[in-house]
file entry.pdb (PDB, C-alpha atoms)
MODEL        1
ATOM      1  CA  MET R   1     -38.636  88.136-166.605
ATOM      2  CA  LYS R   2     -36.192  90.831-165.438
ATOM      3  CA  LYS R   3     -37.528  90.679-161.857
ATOM      4  CA  ILE R   4     -37.264  86.880-161.804
ATOM      5  CA  LEU R   5     -33.637  86.979-162.964
ATOM      6  CA  LEU R   6     -32.737  89.611-160.383
ATOM      7  CA  ARG R   7     -34.391  87.595-157.629
ATOM      8  CA  TYR R   8     -32.552  84.368-158.378
ATOM      9  CA  PHE R   9     -29.238  85.987-159.237
ATOM     10  CA  PRO R  10     -28.562  88.609-156.510
ATOM     11  CA  PHE R  11     -25.235  89.640-158.040
ATOM     12  CA  LEU R  12     -27.152  90.847-161.116
ATOM     13  CA  TYR R  13     -29.339  92.979-158.849
ATOM     14  CA  LYS R  14     -26.301  94.559-157.169
ATOM     15  CA  ALA R  15     -24.645  95.155-160.535
ATOM     16  CA  ARG R  16     -27.804  96.812-161.833
ATOM     17  CA  ILE R  17     -27.944  99.113-158.801
ATOM     18  CA  GLN R  18     -24.334 100.206-159.319
ATOM     19  CA  GLN R  19     -25.053 100.853-162.980
ATOM     20  CA  LEU R  20     -27.996 103.089-162.114
ATOM     21  CA  ILE R  21     -26.005 104.933-159.433
ATOM     22  CA  TRP R  22     -23.195 105.741-161.847
ATOM     23  CA  LYS R  23     -25.666 106.693-164.563
ATOM     24  CA  ARG R  24     -27.222 109.269-162.226
ATOM     25  CA  ARG R  25     -23.799 110.550-161.131
ATOM     26  CA  LEU R  26     -22.759 111.111-164.733
ATOM     27  CA  ALA R  27     -26.048 112.855-165.479
ATOM     28  CA  LEU R  28     -25.493 115.205-162.525
ATOM     29  CA  LEU R  29     -21.977 116.054-163.707
ATOM     30  CA  ARG R  30     -23.398 117.113-167.073
ATOM     31  CA  SER R  31     -26.427 118.899-165.665
ATOM     32  CA  PRO R  32     -26.492 122.716-165.485
ATOM     33  CA  THR R  33     -29.250 122.558-162.848
ATOM     34  CA  PRO R  34     -28.587 124.841-159.854
ATOM     35  CA  TYR R  35     -29.311 122.788-156.722
ATOM     36  CA  ALA R  36     -30.312 124.220-153.351
ATOM     37  CA  ARG R  37     -27.371 124.112-150.947
ATOM     38  CA  ASP R  38     -27.525 127.255-148.799
ATOM     39  CA  ARG R  39     -29.184 127.194-145.393
ATOM     40  CA  ARG R  40     -30.100 129.665-142.675
ATOM     41  CA  SER R  41     -30.775 129.016-139.022
ATOM     42  CA  GLU R  42     -33.694 131.419-138.673
ATOM     43  CA  PRO R  43     -36.947 130.359-140.367
ATOM     44  CA  TYR R  44     -38.717 132.701-142.751
ATOM     45  CA  GLY R  45     -41.684 134.505-141.240
ATOM     46  CA  PHE R  46     -44.425 133.141-143.491
ATOM     47  CA  VAL R  47     -45.278 129.514-142.770
ATOM     48  CA  CYS R  48     -46.943 127.634-145.630
ATOM     49  CA  LYS R  49     -47.481 124.325-143.840
ATOM     50  CA  ARG R  50     -46.722 122.526-140.574
ATOM     51  CA  HIS R  51     -46.852 118.778-140.142
ATOM     52  CA  LYS R  52     -45.783 115.959-137.857
ATOM     53  CA  SER R  53     -45.628 112.213-138.413
ATOM     54  CA  ILE R  54     -45.511 109.533-135.754
ATOM     55  CA  LEU R  55     -42.197 107.778-135.351
ATOM     56  CA  ARG R  56     -43.362 104.400-134.073
ATOM     57  CA  ARG R  57     -46.161 102.620-135.913
ATOM     58  CA  VAL R  58     -47.797  99.240-135.388
ATOM     59  CA  LEU R  59     -46.259  97.073-138.116
ATOM     60  CA  ALA R  60     -47.077  93.379-138.183
ATOM     61  CA  HIS R  61     -44.159  90.942-138.267
ATOM     62  CA  SER R  62     -41.694  93.805-137.828
ATOM     63  CA  ASN R  63     -38.942  93.944-135.232
ATOM     64  CA  PRO R  64     -39.585  97.082-133.105
ATOM     65  CA  ILE R  65     -35.814  97.573-132.788
ATOM     66  CA  LEU R  66     -35.784  98.497-136.477
ATOM     67  CA  GLN R  67     -38.067 101.435-135.733
ATOM     68  CA  GLU R  68     -35.660 102.652-133.077
ATOM     69  CA  ASN R  69     -32.887 102.291-135.640
ATOM     70  CA  LYS R  70     -34.939 104.352-138.069
ATOM     71  CA  ILE R  71     -35.108 107.186-135.559
ATOM     72  CA  LYS R  72     -31.318 107.129-135.233
ATOM     73  CA  ASN R  73     -30.991 107.274-139.016
ATOM     74  CA  LEU R  74     -33.382 110.220-139.177
ATOM     75  CA  ALA R  75     -31.343 112.058-136.554
ATOM     76  CA  ILE R  76     -28.243 111.720-138.753
ATOM     77  CA  ALA R  77     -29.974 112.870-141.939
ATOM     78  CA  LEU R  78     -31.976 115.796-140.540
ATOM     79  CA  PRO R  79     -29.096 118.290-140.172
ATOM     80  CA  HIS R  80     -28.373 117.973-143.884
ATOM     81  CA  ILE R  81     -31.829 119.326-144.752
ATOM     82  CA  ASP R  82     -32.903 121.422-141.770
ATOM     83  CA  GLY R  83     -32.732 125.113-142.706
ATOM     84  CA  ILE R  84     -32.118 124.507-146.406
ATOM     85  CA  VAL R  85     -33.267 127.375-148.623
ATOM     86  CA  ILE R  86     -34.690 126.823-152.117
ATOM     87  CA  ARG R  87     -34.154 130.092-153.952
ATOM     88  CA  PRO R  88     -35.908 131.118-157.197
ATOM     89  CA  GLY R  89     -34.702 128.933-160.055
ATOM     90  CA  GLU R  90     -33.154 126.322-157.753
ATOM     91  CA  THR R  91     -33.970 122.627-157.460
ATOM     92  CA  PHE R  92     -34.152 120.753-154.169
ATOM     93  CA  SER R  93     -32.684 117.227-154.341
ATOM     94  CA  PHE R  94     -32.950 114.836-151.394
ATOM     95  CA  TRP R  95     -29.836 112.844-152.263
ATOM     96  CA  GLN R  96     -27.747 115.857-153.261
ATOM     97  CA  LEU R  97     -28.138 117.050-149.665
ATOM     98  CA  VAL R  98     -28.214 113.839-147.622
ATOM     99  CA  GLY R  99     -25.607 111.920-149.582
ATOM    100  CA  LYS R 100     -25.121 108.171-149.496
ATOM    101  CA  PRO R 101     -26.216 106.629-146.169
ATOM    102  CA  THR R 102     -23.294 104.452-145.082
ATOM    103  CA  LYS R 103     -22.183 102.735-141.885
ATOM    104  CA  ALA R 104     -19.125 104.990-141.828
ATOM    105  CA  LYS R 105     -21.473 107.959-141.357
ATOM    106  CA  GLY R 106     -23.247 106.215-138.476
ATOM    107  CA  TYR R 107     -26.279 104.853-140.321
ATOM    108  CA  ILE R 108     -27.583 101.499-139.127
ATOM    109  CA  ASP R 109     -30.051  98.898-140.391
ATOM    110  CA  GLY R 110     -33.695  99.924-140.648
ATOM    111  CA  LEU R 111     -36.781  98.950-142.597
ATOM    112  CA  MET R 112     -36.815  99.803-146.274
ATOM    113  CA  LEU R 113     -38.733  98.875-149.411
ATOM    114  CA  SER R 114     -36.692  97.484-152.264
ATOM    115  CA  ASN R 115     -37.814  95.737-155.423
ATOM    116  CA  GLY R 116     -41.364  95.521-154.080
ATOM    117  CA  GLU R 117     -40.386  93.861-150.801
ATOM    118  CA  VAL R 118     -39.822  94.909-147.187
ATOM    119  CA  ARG R 119     -36.268  94.283-146.060
ATOM    120  CA  THR R 120     -33.592  95.770-143.836
ATOM    121  CA  GLY R 121     -30.774  97.946-145.070
ATOM    122  CA  THR R 122     -28.296 100.585-143.981
ATOM    123  CA  GLY R 123     -30.109 103.895-143.603
ATOM    124  CA  GLY R 124     -33.531 102.264-143.641
ATOM    125  CA  GLY R 125     -36.365 104.556-142.576
ATOM    126  CA  LEU R 126     -35.267 107.695-144.424
ATOM    127  CA  CYS R 127     -38.390 107.421-146.557
ATOM    128  CA  GLN R 128     -40.294 108.921-143.599
ATOM    129  CA  LEU R 129     -38.200 112.056-144.003
ATOM    130  CA  ALA R 130     -38.855 112.102-147.747
ATOM    131  CA  ASN R 131     -42.580 111.638-147.094
ATOM    132  CA  MET R 132     -42.549 114.644-144.763
ATOM    133  CA  LEU R 133     -40.754 116.843-147.301
ATOM    134  CA  PHE R 134     -43.105 115.807-150.089
ATOM    135  CA  TRP R 135     -46.225 116.529-148.017
ATOM    136  CA  LEU R 136     -44.900 119.954-147.023
ATOM    137  CA  ALA R 137     -43.945 120.827-150.612
ATOM    138  CA  LEU R 138     -47.414 119.888-151.860
ATOM    139  CA  HIS R 139     -48.739 122.861-149.870
ATOM    140  CA  THR R 140     -46.641 125.328-151.862
ATOM    141  CA  PRO R 141     -46.315 126.282-155.547
ATOM    142  CA  LEU R 142     -43.079 124.261-155.795
ATOM    143  CA  VAL R 143     -43.059 122.045-158.886
ATOM    144  CA  ILE R 144     -42.682 118.326-158.204
ATOM    145  CA  LYS R 145     -39.770 117.582-160.505
ATOM    146  CA  GLU R 146     -39.072 113.986-159.460
ATOM    147  CA  ARG R 147     -41.087 111.712-157.229
ATOM    148  CA  HIS R 148     -41.518 107.929-157.168
ATOM    149  CA  HIS R 149     -44.430 106.074-155.603
ATOM    150  CA  HIS R 150     -44.285 102.610-154.076
ATOM    151  CA  SER R 151     -45.998 100.080-156.336
ATOM    152  CA  PHE R 152     -47.173  98.204-153.226
ATOM    153  CA  ASP R 153     -49.278  99.335-150.276
ATOM    154  CA  ILE R 154     -47.356  97.478-147.580
ATOM    155  CA  PHE R 155     -48.821  98.762-144.316
ATOM    156  CA  PRO R 156     -52.401  99.500-143.210
ATOM    157  CA  ASP R 157     -53.469 103.003-142.214
ATOM    158  CA  ASP R 158     -52.283 102.910-138.618
ATOM    159  CA  ARG R 159     -52.823 106.511-137.428
ATOM    160  CA  ARG R 160     -52.311 107.847-140.951
ATOM    161  CA  VAL R 161     -53.410 111.494-141.140
ATOM    162  CA  VAL R 162     -52.526 112.194-144.772
ATOM    163  CA  PRO R 163     -54.144 110.649-147.859
ATOM    164  CA  PHE R 164     -52.887 107.361-149.224
ATOM    165  CA  GLY R 165     -50.433 107.917-152.055
ATOM    166  CA  THR R 166     -48.783 111.057-150.713
ATOM    167  CA  GLY R 167     -45.668 109.155-149.717
ATOM    168  CA  THR R 168     -42.604 108.750-151.863
ATOM    169  CA  SER R 169     -39.966 106.139-152.549
ATOM    170  CA  ILE R 170     -36.253 106.969-152.389
ATOM    171  CA  PHE R 171     -33.170 104.868-153.058
ATOM    172  CA  TYR R 172     -29.658 106.277-153.316
ATOM    173  CA  ASN R 173     -29.151 107.991-155.656
ATOM    174  CA  TYR R 174     -31.219 107.279-158.734
ATOM    175  CA  VAL R 175     -34.632 107.238-157.021
ATOM    176  CA  ASP R 176     -34.694 110.831-155.845
ATOM    177  CA  LEU R 177     -37.147 113.436-154.583
ATOM    178  CA  GLN R 178     -36.809 116.817-156.283
ATOM    179  CA  PHE R 179     -38.720 120.127-156.249
ATOM    180  CA  TYR R 180     -38.201 123.104-158.552
ATOM    181  CA  ASN R 181     -38.819 126.678-157.418
ATOM    182  CA  ARG R 182     -40.374 128.544-160.336
ATOM    183  CA  THR R 183     -41.504 131.497-158.198
ATOM    184  CA  ASN R 184     -39.746 134.746-157.264
ATOM    185  CA  VAL R 185     -39.685 133.958-153.521
ATOM    186  CA  SER R 186     -37.513 131.579-151.491
ATOM    187  CA  PHE R 187     -38.735 128.556-149.520
ATOM    188  CA  GLN R 188     -37.181 126.907-146.504
ATOM    189  CA  PHE R 189     -37.537 123.589-144.668
ATOM    190  CA  HIS R 190     -37.206 123.239-140.911
ATOM    191  CA  LEU R 191     -37.245 119.754-139.366
ATOM    192  CA  TRP R 192     -36.793 118.303-135.899
ATOM    193  CA  LEU R 193     -37.423 115.199-133.810
ATOM    194  CA  THR R 194     -39.380 114.876-130.578
ATOM    195  CA  ASP R 195     -39.890 111.741-128.492
ATOM    196  CA  GLU R 196     -42.927 110.757-130.564
ATOM    197  CA  PHE R 197     -42.835 112.635-133.858
ATOM    198  CA  LEU R 198     -40.864 113.826-136.818
ATOM    199  CA  GLU R 199     -41.990 117.443-137.179
ATOM    200  CA  GLY R 200     -41.434 120.060-139.837
ATOM    201  CA  THR R 201     -42.445 123.276-141.525
ATOM    202  CA  ILE R 202     -41.994 124.870-144.901
ATOM    203  CA  SER R 203     -41.934 128.653-144.928
ATOM    204  CA  CYS R 204     -41.318 131.378-147.498
ATOM    205  CA  SER R 205     -39.550 134.721-147.618
ATOM    206  CA  GLU R 206     -42.687 136.672-148.584
ATOM    207  CA  GLU R 207     -46.372 136.126-147.969
ATOM    208  CA  LEU R 208     -47.991 134.411-150.936
ATOM    209  CA  ASN R 209     -51.232 135.612-152.471
ATOM    210  CA  ALA R 210     -52.621 132.099-152.195
ATOM    211  CA  PHE R 211     -52.513 129.101-149.888
ATOM    212  CA  TYR R 212     -52.608 125.477-150.973
ATOM    213  CA  LYS R 213     -54.722 122.492-149.979
ATOM    214  CA  VAL R 214     -54.276 118.837-150.910
ATOM    215  CA  GLU R 215     -57.373 116.823-151.711
ATOM    216  CA  GLU R 216     -57.869 113.118-152.291
ATOM    217  CA  ARG R 217     -60.419 112.043-154.888
ATOM    218  CA  ASN R 218     -61.776 108.749-156.213
ATOM    219  CA  HIS R 219     -60.271 106.578-153.495
ATOM    220  CA  ARG R 220     -61.150 102.919-153.901
ATOM    221  CA  TYR R 221     -60.100  99.318-153.373
ATOM    222  CA  TYR R 222     -60.560  97.012-156.325
ATOM    223  CA  GLN R 223     -59.766  93.439-157.275
ATOM    224  CA  ASN R 224     -57.969  92.188-160.363
ATOM    225  CA  GLN R 225     -56.935  88.568-160.954
ATOM    226  CA  ASN R 226     -57.310  87.591-157.286
ATOM    227  CA  LYS R 227     -55.221  90.517-156.088
ATOM    228  CA  TRP R 228     -56.449  93.607-154.291
ATOM    229  CA  TYR R 229     -55.370  97.060-155.344
ATOM    230  CA  ARG R 230     -55.843 100.541-153.983
ATOM    231  CA  GLY R 231     -56.092 103.696-156.011
ATOM    232  CA  ASN R 232     -56.847 107.407-155.766
ATOM    233  CA  GLU R 233     -56.074 110.830-157.183
ATOM    234  CA  ILE R 234     -54.187 113.596-155.390
ATOM    235  CA  TRP R 235     -55.147 117.164-156.331
ATOM    236  CA  ARG R 236     -53.538 120.452-155.304
ATOM    237  CA  LEU R 237     -55.905 123.396-154.869
ATOM    238  CA  GLU R 238     -54.664 126.978-155.047
ATOM    239  CA  ILE R 239     -56.939 129.251-153.007
ATOM    240  CA  ASN R 240     -56.922 133.034-152.936
ATOM    241  CA  ARG R 241     -55.757 134.141-149.508
ATOM    242  CA  HIS R 242     -57.937 137.258-149.458
ATOM    243  CA  ASP R 243     -61.370 135.926-150.408
ATOM    244  CA  ASN R 244     -60.969 132.125-150.186
ATOM    245  CA  THR R 245     -61.953 131.606-153.821
ATOM    246  CA  LEU R 246     -60.482 128.767-155.849
ATOM    247  CA  VAL R 247     -57.827 130.085-158.226
ATOM    248  CA  GLN R 248     -57.005 126.777-159.869
ATOM    249  CA  GLU R 249     -56.679 123.079-159.185
ATOM    250  CA  ALA R 250     -54.258 120.548-160.607
ATOM    251  CA  LEU R 251     -54.061 116.769-160.633
ATOM    252  CA  ILE R 252     -50.683 116.001-159.051
ATOM    253  CA  MET R 253     -50.707 112.213-159.288
ATOM    254  CA  THR R 254     -52.830 109.127-159.853
ATOM    255  CA  ASN R 255     -51.931 106.240-157.543
ATOM    256  CA  HIS R 256     -52.416 102.509-158.047
ATOM    257  CA  ALA R 257     -50.775 100.021-155.691
ATOM    258  CA  GLU R 258     -51.158  96.356-154.868
ATOM    259  CA  VAL R 259     -52.384  95.843-151.294
ATOM    260  CA  ARG R 260     -49.941  93.600-149.431
ATOM    261  CA  TYR R 261     -51.755  93.352-146.082
ATOM    262  CA  GLU R 262     -54.778  91.221-145.259
ATOM    263  CA  LYS R 263     -56.893  93.577-143.197
ATOM    264  CA  PHE R 264     -58.408  96.599-144.828
ATOM    265  CA  ASN R 265     -61.840  98.187-145.029
ATOM    266  CA  GLU R 266     -63.606  95.956-147.537
ATOM    267  CA  ALA R 267     -66.674  98.143-147.263
ATOM    268  CA  GLU R 268     -64.788 100.725-149.329
ATOM    269  CA  SER R 269     -64.163  98.282-152.145
ATOM    270  CA  GLY R 270     -67.703  98.656-153.440
TER     271      GLY R 270
ENDMDL
END
call {"tool": "encode", "arguments": {"input": "entry.pdb", "output": "structure tokens"}}
result
Amino acid sequence: MKKILLRYFPFLYKARIQQLIWKRRLALLRSPTPYARDRRSEPYGFVCKRHKSILRRVLAHSNPILQENKIKNLAIALPHIDGIVIRPGETFSFWQLVGKPTKAKGYIDGLMLSNGEVRTGTGGGLCQLANMLFWLALHTPLVIKERHHHSFDIFPDDRRVVPFGTGTSIFYNYVDLQFYNRTNVSFQFHLWLTDEFLEGTISCSEELNAFYKVEERNHRYYQNQNKWYRGNEIWRLEINRHDNTLVQEALIMTNHAEVRYEKFNEAESG
């Protein structure tokens, strides 16, 4: 009922967004959480993970100009995160660093997901940056403090190289991405753009005794009430660096999302 009301009365939707934004702002004012804000230009010497994601994907019924706009938005946001250091006891917050994406800051319209639908909006495309940060952080002992998954699988796996469900949803400022550093070493993000990719690394100030792998389990398509869904589990494996033995494994998330595209591998549904 709430979604129906918001759809037919847009002013209620906007009012609800403003309410949630101010609720998060008030919570931050009262929070004693130390957030990561310092940065250094030189990367730490011990790289935990490198990754790159393609900037231009084949998206049906999508204006390619919006992908070019996304790249411009990424270029504006990157300097706010590149080089950031997450010291012991600190929390990384996407929106605390990037701030509100506005036209005054140079952000332009790009693709974004909102209320379960694809639409355009100022700063659209920043979710690709959040996806990159989340994937890098999964390969470290950083604790995932806040992460939101899309309830819909909007796009097929065009050149996807990471498991389904390892993306994240962001929306200023109450849908955030946060990591907590519970270790005694510091971690650092480095990010940059090339002609084809968004690239990044996460490194640490000291060599860890373990390295981390991300594993997808129980991936499947399934049907419920004439709708198709996709689900899986994402596990993080901690592996001893010296003898490659498994130290421990942890279920990070269980994903379930409605499939919103027509073409997918039906052979996997069985």
call {"tool": "resolve_selection", "arguments": {"input": "entry.pdb", "expression": "the PyMOL selection byres ((chain R and resi 37-47) around 7)", "output": "list in words"}}
result
Tyr35, Ala36, Cys48, Lys49, Gly83, Ile84, Val85, Thr201, Ile202, Ser203, Cys204, Ser205, Glu206 and Glu207 of chain R
call {"tool": "atom_distance", "arguments": {"input": "entry.pdb", "atom1": "CA of His219 (chain R)", "atom2": "CA of Arg160 (chain R)"}}
result
14.9 Å
call {"tool": "atom_distance", "arguments": {"input": "entry.pdb", "atom1": "CA of Leu111 (chain R)", "atom2": "CA of Ala75 (chain R)"}}
result
15.4 Å
call {"tool": "resolve_selection", "arguments": {"input": "entry.pdb", "expression": "the PyMOL selection byres ((chain R and resi 194) around 12)", "output": "list in words"}}
result
Lys52, Ser53, Ile54, Leu55, Arg56, Ile71, Leu74, Ala75, Leu191, Trp192, Leu193, Asp195, Glu196, Phe197, Leu198, Glu199 and Gly200 of chain R
call {"tool": "atom_distance", "arguments": {"input": "entry.pdb", "atom1": "CA of His256 (chain R)", "atom2": "CA of Phe164 (chain R)"}}
result
10.1 Å
call {"tool": "closest_residue", "arguments": {"input": "entry.pdb", "among": "R:Arg16, R:Lys72, R:Arg220, R:His242", "to": "Val259 (chain R)", "atoms": "only C-alpha atoms"}}
result
R:Arg220
call {"tool": "residues_around", "arguments": {"input": "entry.pdb", "residues": "region 87-93 of chain R", "least_positions_apart": "6", "cutoff": "9 Å", "atoms": "only C-alpha atoms", "output": "ChimeraX atom specification"}}
result
/R:33-38,145-146,176-188
call {"tool": "closest_residue", "arguments": {"input": "entry.pdb", "among": "R:Ile144, R:Tyr212, R:Trp135, R:Gln18", "to": "Gln248 (chain R)", "atoms": "only C-alpha atoms"}}
result
R:Tyr212
call {"tool": "residues_around", "arguments": {"input": "entry.pdb", "residues": "Ile170 (chain R)", "least_positions_apart": "6", "cutoff": "9 Å", "atoms": "only C-alpha atoms", "output": "PyMOL selection string"}}
result
chain R and resi 94-95+113+126-127+130+147-149+176-177
call {"tool": "residues_around", "arguments": {"input": "entry.pdb", "residues": "region 223-234 of chain R", "least_positions_apart": "4", "cutoff": "10 Å", "atoms": "only C-alpha atoms", "output": "list in words"}}
result
Leu138, Ser151, Phe152, Asp153, Pro163, Phe164, Gly165, Thr166, Val214, Glu215, Glu216, Arg217, Asn218, His219, Ala250, Leu251, Ile252, Met253, Thr254, Asn255, His256, Ala257, Glu258, Val259, Arg260, Tyr261, Glu262 and Ser269 of chain R
call {"tool": "resolve_selection", "arguments": {"input": "entry.pdb", "expression": "the PyMOL selection byres ((chain R and resi 237) around 6)", "output": "list in words"}}
result
Tyr212, Lys213, Arg236, Glu238 and Glu249 of chain R
call {"tool": "residues_around", "arguments": {"input": "entry.pdb", "residues": "Thr102 (chain R)", "least_positions_apart": "2", "cutoff": "12 Å", "atoms": "all atoms listed in the file", "output": "list in words"}}
result
Asn73, Ile76, Ala77, Val98, Gly99, Lys100, Ala104, Lys105, Gly106, Tyr107, Ile108, Asp109, Gly121, Thr122, Gly123, Gly124 and Tyr172 of chain R
call {"tool": "closest_residue", "arguments": {"input": "entry.pdb", "among": "R:Lys103, R:Gln96, R:Ser169, R:Arg50", "to": "Asn131 (chain R)", "atoms": "only C-alpha atoms"}}
result
R:Ser169
call {"tool": "closest_residue", "arguments": {"input": "entry.pdb", "among": "R:Pro79, R:Pro32, R:Gly110, R:Pro64", "to": "Gln128 (chain R)", "atoms": "only C-alpha atoms"}}
result
R:Gly110
call {"tool": "decode", "arguments": {"input": "entry.pdb", "residues": "region 216-230 of chain R", "atoms": "N, CA, C and O atoms", "output": "PDB file, in the first residue's frame"}}
result
ATOM      1  N   GLU R 216      30.835 -17.674  -4.339  1.00  0.00           N
ATOM      2  CA  GLU R 216      29.388 -17.743  -4.518  1.00  0.00           C
ATOM      3  C   GLU R 216      28.928 -19.185  -4.350  1.00  0.00           C
ATOM      4  O   GLU R 216      29.547 -20.110  -4.864  1.00  0.00           O
ATOM      5  N   ARG R 217      27.824 -19.360  -3.623  1.00  0.00           N
ATOM      6  CA  ARG R 217      27.264 -20.694  -3.430  1.00  0.00           C
ATOM      7  C   ARG R 217      25.752 -20.665  -3.646  1.00  0.00           C
ATOM      8  O   ARG R 217      25.107 -19.650  -3.429  1.00  0.00           O
ATOM      9  N   ASN R 218      25.233 -21.803  -4.073  1.00  0.00           N
ATOM     10  CA  ASN R 218      23.787 -22.018  -4.211  1.00  0.00           C
ATOM     11  C   ASN R 218      23.123 -20.986  -5.124  1.00  0.00           C
ATOM     12  O   ASN R 218      22.027 -20.499  -4.834  1.00  0.00           O
ATOM     13  N   HIS R 219      23.784 -20.682  -6.235  1.00  0.00           N
ATOM     14  CA  HIS R 219      23.173 -19.778  -7.206  1.00  0.00           C
ATOM     15  C   HIS R 219      22.048 -20.499  -7.944  1.00  0.00           C
ATOM     16  O   HIS R 219      22.190 -21.639  -8.359  1.00  0.00           O
ATOM     17  N   ARG R 220      20.933 -19.789  -8.119  1.00  0.00           N
ATOM     18  CA  ARG R 220      19.812 -20.405  -8.828  1.00  0.00           C
ATOM     19  C   ARG R 220      18.824 -19.341  -9.298  1.00  0.00           C
ATOM     20  O   ARG R 220      18.746 -18.246  -8.738  1.00  0.00           O
ATOM     21  N   TYR R 221      18.084 -19.691 -10.359  1.00  0.00           N
ATOM     22  CA  TYR R 221      16.896 -18.960 -10.766  1.00  0.00           C
ATOM     23  C   TYR R 221      15.693 -19.776 -10.319  1.00  0.00           C
ATOM     24  O   TYR R 221      15.713 -21.006 -10.372  1.00  0.00           O
ATOM     25  N   TYR R 222      14.655 -19.128  -9.909  1.00  0.00           N
ATOM     26  CA  TYR R 222      13.458 -19.850  -9.487  1.00  0.00           C
ATOM     27  C   TYR R 222      12.228 -18.993  -9.747  1.00  0.00           C
ATOM     28  O   TYR R 222      12.315 -17.768  -9.850  1.00  0.00           O
ATOM     29  N   GLN R 223      11.090 -19.653  -9.871  1.00  0.00           N
ATOM     30  CA  GLN R 223       9.853 -18.977 -10.222  1.00  0.00           C
ATOM     31  C   GLN R 223       8.885 -19.007  -9.052  1.00  0.00           C
ATOM     32  O   GLN R 223       8.769 -20.005  -8.340  1.00  0.00           O
ATOM     33  N   ASN R 224       8.199 -17.892  -8.869  1.00  0.00           N
ATOM     34  CA  ASN R 224       7.197 -17.792  -7.798  1.00  0.00           C
ATOM     35  C   ASN R 224       6.093 -16.852  -8.263  1.00  0.00           C
ATOM     36  O   ASN R 224       6.350 -15.683  -8.537  1.00  0.00           O
ATOM     37  N   GLN R 225       4.883 -17.395  -8.383  1.00  0.00           N
ATOM     38  CA  GLN R 225       3.719 -16.603  -8.803  1.00  0.00           C
ATOM     39  C   GLN R 225       3.985 -15.849 -10.105  1.00  0.00           C
ATOM     40  O   GLN R 225       3.815 -14.638 -10.198  1.00  0.00           O
ATOM     41  N   ASN R 226       4.443 -16.610 -11.106  1.00  0.00           N
ATOM     42  CA  ASN R 226       4.669 -16.088 -12.461  1.00  0.00           C
ATOM     43  C   ASN R 226       5.768 -15.044 -12.556  1.00  0.00           C
ATOM     44  O   ASN R 226       5.861 -14.334 -13.560  1.00  0.00           O
ATOM     45  N   LYS R 227       6.585 -14.937 -11.539  1.00  0.00           N
ATOM     46  CA  LYS R 227       7.740 -14.048 -11.581  1.00  0.00           C
ATOM     47  C   LYS R 227       9.002 -14.871 -11.376  1.00  0.00           C
ATOM     48  O   LYS R 227       9.004 -15.857 -10.634  1.00  0.00           O
ATOM     49  N   TRP R 228      10.071 -14.450 -12.043  1.00  0.00           N
ATOM     50  CA  TRP R 228      11.351 -15.117 -11.896  1.00  0.00           C
ATOM     51  C   TRP R 228      12.228 -14.369 -10.894  1.00  0.00           C
ATOM     52  O   TRP R 228      12.245 -13.141 -10.865  1.00  0.00           O
ATOM     53  N   TYR R 229      12.922 -15.142 -10.097  1.00  0.00           N
ATOM     54  CA  TYR R 229      13.814 -14.595  -9.093  1.00  0.00           C
ATOM     55  C   TYR R 229      15.196 -15.236  -9.241  1.00  0.00           C
ATOM     56  O   TYR R 229      15.346 -16.309  -9.841  1.00  0.00           O
ATOM     57  N   ARG R 230      16.149 -14.572  -8.653  1.00  0.00           N
ATOM     58  CA  ARG R 230      17.529 -15.058  -8.676  1.00  0.00           C
ATOM     59  C   ARG R 230      18.078 -14.981  -7.264  1.00  0.00           C
ATOM     60  O   ARG R 230      17.865 -13.985  -6.564  1.00  0.00           O
TER      61      ARG R 230
END
